[in-house]
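Colleague: Structure below; questions to follow.
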Amino acid sequence: MNPVAEERIKHKKSSVVVNAACFTLPAMLVFLLTEPAISGAGDLNIAGHLASSKISPGFFFISPVLAGFLRMLHKVIRANWWVVFSIAVMFTGLFVFLWFLNKRNHQESKESKIFLMVLFVLFFWEAILKWEINFTQTAVIAGLSGILLIVDSCYEREQQKVTAPKVLAGIGFLFLAGAVRWKALLLMLPFGIMCLLYLFTMPLVLSDLANSLKESFAHKRRVLNLAVLIIFIVAASDGIHKVYGIIDPVLGEYVEANALREEICDYPERYPRYEEAESVYKELGITPSWINMVNNFLTGDLNYFSSQDLRKMADLKQDSKATLRDFAGSLMGHGLLWISIALLVGYIGFLKGIRRIILPLTGCIFAFTACAVYFVHIGRFAWRVTNGCIVAGVVSFVVMSVHMGAARIPTRNVVYERYLATVLSVMLCLVWGMAIKTEKGRFTLPVAKTINEQQAAVLEHINENSDIVYVGADQTLQFYRTYNIWASHEAEYLQNLVFLNAHFITGERTQLANVGVQNLFDDMLERADILVKYAPLRNAVIYGYIRDYYDPCVTMTVVDSCEEARFLRYTRPIRAEVMKEQGNTVVDVAVKKIDEFPADQTIKTAIRVRADIGRGGGYSDCYIHVKDYDSGRMYSYGLNMDGNICFGDILWMESTWSTDSISVSFVGLDHDGNYRELCDMTDEFTAVF
C-alpha cells in the first residue's frame, strides 16, 4: 500500500475516535453537572457496602473480584468508586456506540454523521441517563459494548493480529457485564446473536439459498465462531458466580436466599393470599407475620429466612396475570425517546434506502416483542430493565442496517441532505437542552454535599454512640440517601449500624460478632445496647413477627431519639424471680401519657416514665414490670439509664394488657444478676389513663 493511502487510513481511524469522543465528553459533562441520580433499587446498597468495613468483598449484587477491586481503590483514595465505575461504563459504552455508528456509516456526509450521533446521544439520554444509574443498566451497557466490539471485528479484512485487541476488549466487557449482573448480560445475548446471524447470512440469495449458505460457511465461519464465543462467555459468567458460592458456602447461601427473596418480593401478586390458602401456608409453617416481613424486605433474621425457609413460599408462585397491554402502558410517558428512535430509524432509511432497513427493523421489533412477552410471562417489567432492551434493540438495528452499506440514489441532492442534517442537528441540540433544563432546573458542580440535614444529624448521632448497636428497619438511614453520590466516608463510619432489610450481607455477621452479637433478634430482646429505629410503616410488621416467633409478650420502649428519629428498645419479660428490695429505693417517679404516635394504629398510647433512684447505685438496668392478672401474662419494659436517672416512653400496644386488673412495679437488675422490685407504682401508672 502506498504511503499516501496508509496516511489516509490512519487519519480516518483517528477522526472516527475523535468524532465519537467529541460527542461523548460533552454528554458526560452535562450528565455530571445535572446531578445524576443513583438508583435506590440496588446501587445505594452497592456504594454503601463497598465503602464500609462491615462488608467483605463479595455480596449479592456484584462479583467478589469486582467488589474487592473497588474496595481496594477506596482504601487508596476515599471516593464513591461504584458510582465512578458505573458512570465510566455508561459513557465508555456511549463512546463505543458512537464510534461504531461513525465508523460504519462511512459513505455518508460529515453532516449526516453529526446528525446521527446527536440523535443517538439524545436517545441514550432519554432511555437511561435521564432517569438513574442502575447496576442492571451498567451490566447491559457493558454487555452491549462487548458485543459491538466483537461484531465490528467481523467487518475487518485485515490480519487476525489487527482485530485481536478489539475481540479481547469485547471479551473483557462481556466478563465485566457478567461480574456486575449476569441476568442482564443474558438478556443482551439474543440481540447479539441476532446481529451475528444477520452478518453471517446477508446478503442472502433466496433463489440460490443452498449456494448462498455455502458461501457464508466458506467465508464467514469466523462470525459463527464469535457467536459461539459470546454464548460461552455468558455461560461462563454464570458458572463463575456458582464457583464463588462453592468456594464460600456463606456467600452461596446468601446469594441463594436473596434470589428467593427476590422471587417473593418482586412478584407479591403471584402468591395466593393467606386467607385463600391458609391450610397450605400452615402446613408449610408460614404465618402472616412472616409473609409481611418478606414483603417488606425485612429478611435479616437468619433463624427463619434461610434459603430453605424462603423456598417454601417461592414454590407457591402462581402464573403471571400481566398482559401485553400492561407492558405497553409501562412504555408511556417517554415521548421524546420514541421520537428520537423514529427519527433515527427514518433517517437511516433515508440514507440507506427503505428496502434495506425492513429486515433489520423487523428483526429488532421481533426481538423486543419477545422480551416483552418474557416480561409479561414473569409478571414484572421495570423501566430500568425495559430501557436496556430498548437500547439493545436500537444498537442491533444500527448494526444490521449499516451492514449492507449505503444505497445511494443517484438523483439524491447531496447539498439538500447536508442542509437537512445540519438543521436537524441544531434543532435536536436545542430540544435536548430545553428538556434537560425543564427536568433538572439547575446545574451544579459534582461535589459532595448533604441533601438531608436532619438525616445527617441522625447518622452523626449514631456514629457518636459507638457503644450502641443501631438497627435500621428501613432504608432512610443509608449514607447515600443523606449525602449526594459524590460524598464518601471513612471505612469505620457507622460500624454500629446494621439493617434488617434483605438477608444479612456477607461480612455483616462478622461485624455483629465483633460487638458481641451472635443472634440479632434474640440479643436485641435481652440487651439494652441494641436499639431499633422506629419505622411507622414497618413497626407493626416487626412487632407481630417477634410476637409470633420469639415472645408473645415482647415490649417496646422509646429510649433514644435524634431529630425526628426515635429508637426502640425491644424487651422480653423478665424470666427470673423478682425479689422485693428492702425500703423504697426509687425516690422520684414521674409518669404521664403522651400522644406522639397518632398515625400508628397498633399503638394505643405512649406513657413517659422518668425515675430517679435515690440511694441508688448498684443497678445496671431498670424495667417497668406490668403483670396482667386477667391473662396471667407479664410485660417488662426496658428503660434507658443515665447515672441514677431512668427514662423511656412505654408503647402500649393493641392486644396486650388492659388497665382493669394490673400491677406495675419498678424493677432493677443489680450487679449480681438479681432482679429486685424497687417500688410498686401501680397507682401512679394507672392514674394517667
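In the C-alpha cells, the first chain shown is A, the next is B, and so on; residue numbers restart at 1 for each chain, and ligands run from 1 in the order shown.
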Which of segment 452-484 of chain A end up as helix (DSSP H, G or I) when DSSP is run on this backbone - answer as a ChimeraX atom specification?

Modeller: /A:453-464,479-482

Colleague: Residues within 12 Å of Lys75 of chain A, please, as a list in words. Count only C-alpha atoms; anything in the same chain fewer than 3 positions from it doesn't count.

Modeller: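 Contacts, with the query itself left out: Leu50, Ala51, Ser52, Ser53, Gly68, Phe69, Leu70, Arg71, Met72, Arg78, Ala79, Asn80, Trp81, Ser488, His489, Glu490, Ala491 and Glu492 of chain A.
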
Colleague: Rank nothing, just name the residue among A:Asn295, A:Asn303, A:Thr659, A:Asn484 nearest to Ala37 of chain A, using only C-alpha atoms.

Modeller: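 Of all the options, A:Asn484 lies closest to Ala37 of chain A.
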
Colleague: Give me the residues near Glu464 of chain A as a PyMOL selection string, where near means some atom within 12 Å (using only C-alpha atoms) and where sequence neighbours in that chain fewer than 3 positions away do not count.

Modeller: chain A and resi 457-461+467-470+492-497+562

Colleague: Please produce an output containing N, CA, C and O atoms for each residue in the selection, written as a PDB file, in the first residue's frame.

Modeller:
ATOM      1  N   ALA A 457     -27.817  14.566  60.750  1.00  0.00           N
ATOM      2  CA  ALA A 457     -27.679  14.681  62.201  1.00  0.00           C
ATOM      3  C   ALA A 457     -27.947  13.343  62.889  1.00  0.00           C
ATOM      4  O   ALA A 457     -27.276  12.986  63.863  1.00  0.00           O
ATOM      5  N   VAL A 458     -28.918  12.597  62.367  1.00  0.00           N
ATOM      6  CA  VAL A 458     -29.222  11.280  62.939  1.00  0.00           C
ATOM      7  C   VAL A 458     -28.046  10.330  62.748  1.00  0.00           C
ATOM      8  O   VAL A 458     -27.652   9.605  63.677  1.00  0.00           O
ATOM      9  N   LEU A 459     -27.460  10.326  61.557  1.00  0.00           N
ATOM     10  CA  LEU A 459     -26.310   9.462  61.299  1.00  0.00           C
ATOM     11  C   LEU A 459     -25.132   9.839  62.193  1.00  0.00           C
ATOM     12  O   LEU A 459     -24.412   8.969  62.692  1.00  0.00           O
ATOM     13  N   GLU A 460     -24.929  11.132  62.389  1.00  0.00           N
ATOM     14  CA  GLU A 460     -23.839  11.571  63.259  1.00  0.00           C
ATOM     15  C   GLU A 460     -24.096  11.129  64.698  1.00  0.00           C
ATOM     16  O   GLU A 460     -23.173  10.718  65.409  1.00  0.00           O
ATOM     17  N   HIS A 461     -25.355  11.200  65.118  1.00  0.00           N
ATOM     18  CA  HIS A 461     -25.734  10.745  66.457  1.00  0.00           C
ATOM     19  C   HIS A 461     -25.432   9.259  66.630  1.00  0.00           C
ATOM     20  O   HIS A 461     -24.886   8.835  67.651  1.00  0.00           O
ATOM     21  N   ASP A 467     -20.981   2.671  71.230  1.00  0.00           N
ATOM     22  CA  ASP A 467     -21.177   1.546  72.140  1.00  0.00           C
ATOM     23  C   ASP A 467     -22.575   0.953  72.027  1.00  0.00           C
ATOM     24  O   ASP A 467     -22.894  -0.037  72.693  1.00  0.00           O
ATOM     25  N   ILE A 468     -23.430   1.549  71.180  1.00  0.00           N
ATOM     26  CA  ILE A 468     -24.790   1.053  70.961  1.00  0.00           C
ATOM     27  C   ILE A 468     -24.889   0.512  69.540  1.00  0.00           C
ATOM     28  O   ILE A 468     -24.373   1.106  68.597  1.00  0.00           O
ATOM     29  N   VAL A 469     -25.548  -0.636  69.383  1.00  0.00           N
ATOM     30  CA  VAL A 469     -25.814  -1.179  68.048  1.00  0.00           C
ATOM     31  C   VAL A 469     -27.178  -0.668  67.605  1.00  0.00           C
ATOM     32  O   VAL A 469     -28.197  -0.944  68.240  1.00  0.00           O
ATOM     33  N   TYR A 470     -27.196   0.104  66.536  1.00  0.00           N
ATOM     34  CA  TYR A 470     -28.442   0.636  65.994  1.00  0.00           C
ATOM     35  C   TYR A 470     -28.878  -0.235  64.806  1.00  0.00           C
ATOM     36  O   TYR A 470     -28.075  -0.549  63.925  1.00  0.00           O
ATOM     37  N   GLU A 492     -14.601   3.129  58.753  1.00  0.00           N
ATOM     38  CA  GLU A 492     -15.084   2.828  60.104  1.00  0.00           C
ATOM     39  C   GLU A 492     -16.391   3.544  60.430  1.00  0.00           C
ATOM     40  O   GLU A 492     -16.971   3.321  61.488  1.00  0.00           O
ATOM     41  N   TYR A 493     -16.830   4.409  59.552  1.00  0.00           N
ATOM     42  CA  TYR A 493     -18.027   5.204  59.806  1.00  0.00           C
ATOM     43  C   TYR A 493     -19.254   4.310  59.911  1.00  0.00           C
ATOM     44  O   TYR A 493     -19.482   3.433  59.074  1.00  0.00           O
ATOM     45  N   LEU A 494     -20.053   4.524  60.961  1.00  0.00           N
ATOM     46  CA  LEU A 494     -21.304   3.789  61.167  1.00  0.00           C
ATOM     47  C   LEU A 494     -21.113   2.278  61.240  1.00  0.00           C
ATOM     48  O   LEU A 494     -21.936   1.507  60.755  1.00  0.00           O
ATOM     49  N   GLN A 495     -20.032   1.849  61.880  1.00  0.00           N
ATOM     50  CA  GLN A 495     -19.834   0.410  62.062  1.00  0.00           C
ATOM     51  C   GLN A 495     -20.890  -0.187  62.983  1.00  0.00           C
ATOM     52  O   GLN A 495     -21.096  -1.401  62.980  1.00  0.00           O
ATOM     53  N   ASN A 496     -21.530   0.660  63.781  1.00  0.00           N
ATOM     54  CA  ASN A 496     -22.534   0.172  64.731  1.00  0.00           C
ATOM     55  C   ASN A 496     -23.953   0.258  64.180  1.00  0.00           C
ATOM     56  O   ASN A 496     -24.925   0.201  64.939  1.00  0.00           O
ATOM     57  N   LEU A 497     -24.090   0.397  62.861  1.00  0.00           N
ATOM     58  CA  LEU A 497     -25.417   0.445  62.233  1.00  0.00           C
ATOM     59  C   LEU A 497     -25.584  -0.755  61.311  1.00  0.00           C
ATOM     60  O   LEU A 497     -24.771  -0.989  60.426  1.00  0.00           O
ATOM     61  N   CYS A 562     -33.248  11.404  68.084  1.00  0.00           N
ATOM     62  CA  CYS A 562     -32.445  12.470  67.489  1.00  0.00           C
ATOM     63  C   CYS A 562     -33.246  13.033  66.330  1.00  0.00           C
ATOM     64  O   CYS A 562     -33.688  12.274  65.451  1.00  0.00           O
TER      65      CYS A 562
END

Colleague: Suppose you want the space between atom CA of Val398 of chain A and atom CA of Leu420 of chain A; what is it in Å?

Modeller: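 Atom-to-atom, atom CA of Val398 of chain A to atom CA of Leu420 of chain A, that is 20.5 Å.
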
Colleague: Apply DSSP to the backbone of this structure and, from segment 422-602 of chain A, keep only the residues in strand (DSSP E); write these as a VMD selection string.

Modeller: chain A and resid 469 to 472 497 to 499 530 to 533 555 to 562 565 to 571 578 to 580 586 to 594

Colleague: Could you dump the residues just selected with C-alpha atoms as a compact mmCIF listing (two decimals), in the first residue's frame?

Modeller:
# COMPACT_ATOMS: atom_id res chain seq x y z
CA VAL A 469 -25.81 -1.18 68.05
CA TYR A 470 -28.44 0.64 65.99
CA VAL A 471 -30.70 -1.46 63.76
CA GLY A 472 -32.35 0.13 60.72
CA LEU A 497 -25.42 0.45 62.23
CA VAL A 498 -26.97 -2.68 60.68
CA PHE A 499 -30.12 -3.19 58.64
CA ILE A 530 -29.28 -2.83 70.78
CA LEU A 531 -31.84 -0.30 69.55
CA VAL A 532 -34.15 -0.43 66.53
CA LYS A 533 -35.13 2.69 64.61
CA THR A 555 -42.48 -4.86 74.64
CA MET A 556 -41.16 -1.65 73.08
CA THR A 557 -39.83 1.46 74.77
CA VAL A 558 -38.53 4.62 73.11
CA VAL A 559 -35.18 5.16 74.86
CA ASP A 560 -33.27 7.30 72.37
CA SER A 561 -34.06 9.97 69.81
CA CYS A 562 -32.45 12.47 67.49
CA ALA A 565 -35.90 9.68 64.59
CA ARG A 566 -36.84 7.50 67.56
CA PHE A 567 -35.06 4.35 68.62
CA LEU A 568 -36.81 1.47 70.35
CA ARG A 569 -35.61 -0.98 72.93
CA TYR A 570 -37.31 -4.35 72.49
CA THR A 571 -37.61 -6.39 75.70
CA VAL A 578 -38.23 -10.77 91.17
CA MET A 579 -37.27 -10.13 94.82
CA LYS A 580 -38.56 -7.18 96.77
CA VAL A 586 -36.92 4.96 93.93
CA VAL A 587 -37.42 8.42 95.35
CA ASP A 588 -38.91 10.22 92.37
CA VAL A 589 -41.17 8.70 89.72
CA ALA A 590 -42.93 10.77 87.06
CA VAL A 591 -45.49 9.15 84.75
CA LYS A 592 -47.52 10.89 82.06
CA LYS A 593 -49.38 9.96 78.90
CA ILE A 594 -48.12 11.43 75.62

Colleague: Can you tell me which residues surround Ser425 of chain A at a distance of at most 10 Å, considering only C-alpha atoms, apart from same-chain residues fewer than 5 positions away, and format the answer as a PDB file with N, CA, C and O atoms, in the first residue's frame?

Modeller:
ATOM      1  N   GLU A 111     -22.014  15.918   7.755  1.00  0.00           N
ATOM      2  CA  GLU A 111     -23.203  16.440   8.425  1.00  0.00           C
ATOM      3  C   GLU A 111     -24.156  15.320   8.843  1.00  0.00           C
ATOM      4  O   GLU A 111     -24.775  15.383   9.914  1.00  0.00           O
ATOM      5  N   SER A 112     -24.269  14.291   8.009  1.00  0.00           N
ATOM      6  CA  SER A 112     -25.128  13.160   8.349  1.00  0.00           C
ATOM      7  C   SER A 112     -24.582  12.407   9.551  1.00  0.00           C
ATOM      8  O   SER A 112     -25.329  11.958  10.427  1.00  0.00           O
ATOM      9  N   ILE A 114     -22.796  13.668  11.953  1.00  0.00           N
ATOM     10  CA  ILE A 114     -23.050  14.503  13.139  1.00  0.00           C
ATOM     11  C   ILE A 114     -24.496  14.367  13.586  1.00  0.00           C
ATOM     12  O   ILE A 114     -24.787  14.198  14.778  1.00  0.00           O
ATOM     13  N   PHE A 115     -25.407  14.423  12.619  1.00  0.00           N
ATOM     14  CA  PHE A 115     -26.822  14.319  12.974  1.00  0.00           C
ATOM     15  C   PHE A 115     -27.140  12.975  13.620  1.00  0.00           C
ATOM     16  O   PHE A 115     -27.852  12.908  14.631  1.00  0.00           O
ATOM     17  N   LEU A 116     -26.613  11.884  13.060  1.00  0.00           N
ATOM     18  CA  LEU A 116     -26.865  10.562  13.627  1.00  0.00           C
ATOM     19  C   LEU A 116     -26.311  10.460  15.045  1.00  0.00           C
ATOM     20  O   LEU A 116     -26.934   9.866  15.927  1.00  0.00           O
ATOM     21  N   MET A 117     -25.140  11.048  15.284  1.00  0.00           N
ATOM     22  CA  MET A 117     -24.555  10.976  16.626  1.00  0.00           C
ATOM     23  C   MET A 117     -25.333  11.837  17.619  1.00  0.00           C
ATOM     24  O   MET A 117     -25.551  11.438  18.763  1.00  0.00           O
ATOM     25  N   VAL A 118     -25.753  13.027  17.185  1.00  0.00           N
ATOM     26  CA  VAL A 118     -26.595  13.865  18.050  1.00  0.00           C
ATOM     27  C   VAL A 118     -27.881  13.121  18.395  1.00  0.00           C
ATOM     28  O   VAL A 118     -28.339  13.114  19.545  1.00  0.00           O
ATOM     29  N   LEU A 119     -28.452  12.491  17.379  1.00  0.00           N
ATOM     30  CA  LEU A 119     -29.698  11.742  17.568  1.00  0.00           C
ATOM     31  C   LEU A 119     -29.506  10.583  18.545  1.00  0.00           C
ATOM     32  O   LEU A 119     -30.347  10.342  19.426  1.00  0.00           O
ATOM     33  N   TYR A 419     -27.757  20.069   4.225  1.00  0.00           N
ATOM     34  CA  TYR A 419     -28.529  21.160   4.817  1.00  0.00           C
ATOM     35  C   TYR A 419     -29.542  20.612   5.820  1.00  0.00           C
ATOM     36  O   TYR A 419     -29.682  21.120   6.936  1.00  0.00           O
ATOM     37  N   LEU A 420     -30.244  19.548   5.411  1.00  0.00           N
ATOM     38  CA  LEU A 420     -31.237  18.934   6.291  1.00  0.00           C
ATOM     39  C   LEU A 420     -30.593  18.398   7.565  1.00  0.00           C
ATOM     40  O   LEU A 420     -31.105  18.610   8.678  1.00  0.00           O
ATOM     41  N   LEU A 430     -31.096  21.962  20.601  1.00  0.00           N
ATOM     42  CA  LEU A 430     -31.957  22.897  21.322  1.00  0.00           C
ATOM     43  C   LEU A 430     -33.034  22.164  22.122  1.00  0.00           C
ATOM     44  O   LEU A 430     -33.307  22.496  23.279  1.00  0.00           O
ATOM     45  N   VAL A 431     -33.648  21.165  21.485  1.00  0.00           N
ATOM     46  CA  VAL A 431     -34.684  20.377  22.170  1.00  0.00           C
ATOM     47  C   VAL A 431     -34.100  19.658  23.370  1.00  0.00           C
ATOM     48  O   VAL A 431     -34.690  19.646  24.463  1.00  0.00           O
TER      49      VAL A 431
END

Colleague: For Tyr550 of chain A, please output as an NGL selection string all residues within 9 Å (counting only C-alpha atoms; exclusion window: fewer than 3 positions along the same chain).

Modeller: :A and (521-522 or 525 or 545-547 or 554 or 572)

Colleague: Take the selection from the previous step and output its residues with C-alpha atoms, as a compact mmCIF listing (two decimals), in the first residue's frame.

Modeller:
# COMPACT_ATOMS: atom_id res chain seq x y z
CA PHE A 521 -33.22 -10.97 67.31
CA ASP A 522 -32.55 -12.95 70.46
CA LEU A 525 -34.72 -8.75 73.23
CA TYR A 545 -43.22 -11.17 63.73
CA ILE A 546 -41.34 -11.09 67.05
CA ARG A 547 -44.52 -11.94 68.95
CA VAL A 554 -42.40 -8.59 73.84
CA ARG A 572 -38.95 -9.83 76.57

Colleague: Rounded to one decimal, what separation in Å do you get between atom CA of Val96 of chain A and atom CA of Met194 of chain A?

Modeller: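 Taking atom CA of Val96 of chain A and atom CA of Met194 of chain A, their separation equals 19.0 Å.
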
Colleague: Closest to Leu168 of chain A among A:Gln511, A:Ser153, A:Asp660, A:Ile62, using only C-alpha atoms?

Modeller: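 Closest residue, counting only C-alpha atoms: A:Ser153.
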